[in-house]
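Down below is the structure, laid out as structure tokens.
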Amino acid sequence: MRATTPREDLLRGIWRENPVLVQLLGLCPALAVTNTVANSLAMGIATFFVLLGSSVLVSSLKRWIPKEVRISAYILIIATFVTIADLVLNAVVPDIHKALGAFIALIVVNCMILGRQEAFASRRPVGRAILDAVGTGFGFLIALTLMGSFREVLGNGTFLGVRVLGEAFEPWIIMILPPGGFFTLGVILLAFGWWKERKVEQVRPRRWPHGVTTGVGGA
């Protein structure tokens with residue numbers, strides 16, 4: 001593996017390798033439960049907890065986990081933290097727990113979480129595994145909250161249940177239905193891609209007469 005700094009481990013999953021907006025991982029919950037901000041936050045926080053807990057445990061136990069059964073061991077570890085998250089959500093916010101339904105249990109098979117255990121936590125010290133889990137989990141939470149905000153505001157005219165667009169606003173019902181998830185993700189990915197392309201254009205060298213090239217602002 002390429003040597004990375006602790007700062008890179010923390011920031012990688014938030015922006016440059018965001019699990020939803022760049023790697024397109026964890027799309028099942030991203031499309032299914034982001035019809036409200038509350039659901040998005042609950043799913044994001046639960047996934048953050050599972051990713052952080054499993055990364056710490058996998059990194060701590062990597063020397064004692066046989067390579068032949070490592071995937072099964074990772075899944076058992078992840079399932080343990082998913083069960084804890086499921087019980088806590090049911091006890092603290094039963095209405096949101098009911099709305100999320102089976103998608104809480106499906107965190108076990110979220111390829112983002114299993115991928116971080118196989119690619120990073122099982123090969124790095126506990127401290128670095130924590131930084132990676134925090135960055136990736138926070139990036140996932142940001143992506144879900146962003147989608148949930150757009151969908152709830154346009155689909156219900158509210159934000160966290162508080163009306164923000166006034167009584168005259170006609171809700172876009174499609175935004176809180178499954179097609180609204182695909183539409184919202186597509187728009188966000190389009191804006192994200194446009195921004196990245198714009199940054200590339202700004203640093204692309206200009207070609208001057210006689211074959212002389214220079215960067216933006218050069219002479």
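As shown in the structure tokens, the chain order sets the letters A, B, ...; within each chain, residues go from 1, and ligands are also counted from 1 in the order they appear.
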
So that I can see what lies close to Ser60 of chain A, please list as a list in words the residues with an atom at most 12 Å from it, counting only C-alpha atoms and leaving out residues fewer than 5 positions away in the same chain.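 Returned residues: Gly53, Ser54, Ser55, Ile65, Ile77, Gln117, Ala121, Ser122, Arg123, Arg124, Pro125, Val126, Gly127, Arg128, Ala129 and Ile130 of chain A.
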
Please identify the alpha helix (DSSP H) residues within segment 53-212 of chain A (assignment by DSSP from backbone atoms) and present them as a ChimeraX atom specification. /A:53-61,70-92,94-100,111-119,126-156,178-203

Using C-alpha atoms, can you write the selected residues to a file as a CSV table (one decimal), in the first residue's frame?
chain,number,residue,atom,x,y,z
A,53,GLY,CA,-16.4,0.2,15.8
A,54,SER,CA,-15.6,-2.5,13.3
A,55,SER,CA,-12.4,-0.7,12.1
A,56,VAL,CA,-11.1,-0.5,15.7
A,57,LEU,CA,-11.8,-4.2,16.4
A,58,VAL,CA,-10.5,-5.5,13.0
A,59,SER,CA,-7.3,-3.5,13.4
A,60,SER,CA,-6.8,-4.7,16.9
A,61,LEU,CA,-7.4,-8.3,16.1
A,70,ARG,CA,-11.0,-13.1,7.4
A,71,ILE,CA,-14.1,-12.1,5.4
A,72,SER,CA,-16.4,-14.2,7.6
A,73,ALA,CA,-14.7,-12.7,10.7
A,74,TYR,CA,-15.2,-9.2,9.4
A,75,ILE,CA,-18.8,-9.8,8.7
A,76,LEU,CA,-19.4,-11.2,12.2
A,77,ILE,CA,-17.7,-8.1,13.7
A,78,ILE,CA,-19.7,-5.7,11.5
A,79,ALA,CA,-23.0,-7.6,12.4
A,80,THR,CA,-22.2,-7.2,16.1
A,81,PHE,CA,-22.1,-3.4,15.8
A,82,VAL,CA,-25.1,-3.3,13.5
A,83,THR,CA,-27.1,-5.2,16.2
A,84,ILE,CA,-26.1,-2.6,18.8
A,85,ALA,CA,-27.0,0.3,16.4
A,86,ASP,CA,-30.3,-1.4,15.7
A,87,LEU,CA,-31.3,-1.8,19.3
A,88,VAL,CA,-30.2,1.7,20.2
A,89,LEU,CA,-32.2,3.3,17.4
A,90,ASN,CA,-35.3,1.3,18.4
A,91,ALA,CA,-35.0,2.4,22.0
A,92,VAL,CA,-34.2,6.1,21.3
A,94,PRO,CA,-38.6,4.2,17.5
A,95,ASP,CA,-40.4,6.2,14.8
A,96,ILE,CA,-37.3,6.7,12.7
A,97,HIS,CA,-36.3,3.1,13.4
A,98,LYS,CA,-39.6,1.9,11.9
A,99,ALA,CA,-39.1,4.2,8.9
A,100,LEU,CA,-35.6,2.8,8.2
A,111,CYS,CA,-19.7,-2.8,0.6
A,112,MET,CA,-18.2,0.5,1.9
A,113,ILE,CA,-17.8,-0.9,5.4
A,114,LEU,CA,-16.5,-4.3,4.4
A,115,GLY,CA,-14.2,-2.7,1.8
A,116,ARG,CA,-12.5,-0.5,4.5
A,117,GLN,CA,-11.9,-3.5,6.7
A,118,GLU,CA,-10.3,-5.5,3.9
A,119,ALA,CA,-8.4,-2.6,2.3
A,126,VAL,CA,-5.5,1.1,15.3
A,127,GLY,CA,-4.9,4.9,15.3
A,128,ARG,CA,-4.8,5.1,11.5
A,129,ALA,CA,-7.8,2.8,11.2
A,130,ILE,CA,-9.8,5.2,13.4
A,131,LEU,CA,-8.8,8.2,11.2
A,132,ASP,CA,-9.8,6.3,8.1
A,133,ALA,CA,-13.2,5.3,9.6
A,134,VAL,CA,-13.9,8.8,10.9
A,135,GLY,CA,-13.2,10.3,7.5
A,136,THR,CA,-15.1,7.7,5.5
A,137,GLY,CA,-18.1,7.7,7.9
A,138,PHE,CA,-18.3,11.5,8.0
A,139,GLY,CA,-18.2,11.6,4.2
A,140,PHE,CA,-21.0,9.1,4.0
A,141,LEU,CA,-23.0,11.1,6.6
A,142,ILE,CA,-22.5,14.4,4.6
A,143,ALA,CA,-23.6,12.7,1.3
A,144,LEU,CA,-26.8,11.3,2.9
A,145,THR,CA,-27.6,14.6,4.7
A,146,LEU,CA,-27.1,16.5,1.5
A,147,MET,CA,-29.5,14.2,-0.4
A,148,GLY,CA,-32.0,14.2,2.5
A,149,SER,CA,-32.0,18.0,2.7
A,150,PHE,CA,-32.8,18.5,-1.0
A,151,ARG,CA,-35.5,15.8,-1.0
A,152,GLU,CA,-37.3,16.9,2.1
A,153,VAL,CA,-37.3,20.6,1.2
A,154,LEU,CA,-38.6,20.0,-2.3
A,155,GLY,CA,-40.8,17.0,-1.4
A,156,ASN,CA,-42.4,18.3,1.7
A,178,PRO,CA,-37.9,6.3,-5.0
A,179,PRO,CA,-37.4,8.2,-8.4
A,180,GLY,CA,-36.6,11.3,-6.4
A,181,GLY,CA,-33.5,9.6,-4.9
A,182,PHE,CA,-32.1,8.8,-8.4
A,183,PHE,CA,-32.9,12.3,-9.6
A,184,THR,CA,-31.2,14.0,-6.6
A,185,LEU,CA,-28.1,11.8,-6.7
A,186,GLY,CA,-27.8,12.5,-10.5
A,187,VAL,CA,-28.0,16.2,-10.0
A,188,ILE,CA,-25.5,16.2,-7.1
A,189,LEU,CA,-23.1,14.0,-9.2
A,190,LEU,CA,-23.5,16.3,-12.2
A,191,ALA,CA,-22.7,19.4,-10.0
A,192,PHE,CA,-19.8,17.5,-8.4
A,193,GLY,CA,-18.4,16.5,-11.8
A,194,TRP,CA,-18.7,20.0,-13.2
A,195,TRP,CA,-16.9,21.5,-10.2
A,196,LYS,CA,-14.0,19.0,-10.6
A,197,GLU,CA,-13.8,19.7,-14.4
A,198,ARG,CA,-13.7,23.4,-13.7
A,199,LYS,CA,-10.8,23.0,-11.3
A,200,VAL,CA,-8.9,21.1,-14.0
A,201,GLU,CA,-9.6,23.8,-16.6
A,202,GLN,CA,-8.1,26.4,-14.2
A,203,VAL,CA,-4.8,24.6,-13.9

Just to confirm, what's the straight-line distance from atom CA of Trp172 of chain A to atom CA of Ala30 of chain A in Å (one decimal)? 19.1 Å

Write out as a VMD selection string all residues of segment 12-187 of chain A that DSSP puts in strand (DSSP E) for this structure's backbone. chain A and resid 158 to 159 162 to 163

Among A:Phe103, A:Ala3, A:Gly161, A:Glu170, Leu31 of chain A is approached most closely, using only C-alpha atoms, by A:Phe103

Using only C-alpha atoms, which of the listed residues (A:Ala42, A:Leu52, A:Ile176, A:Leu10) sits closest to Gly101 of chain A?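 Nearest candidate to Gly101 of chain A out of A:Ala42, A:Leu52, A:Ile176, A:Leu10: A:Ala42.
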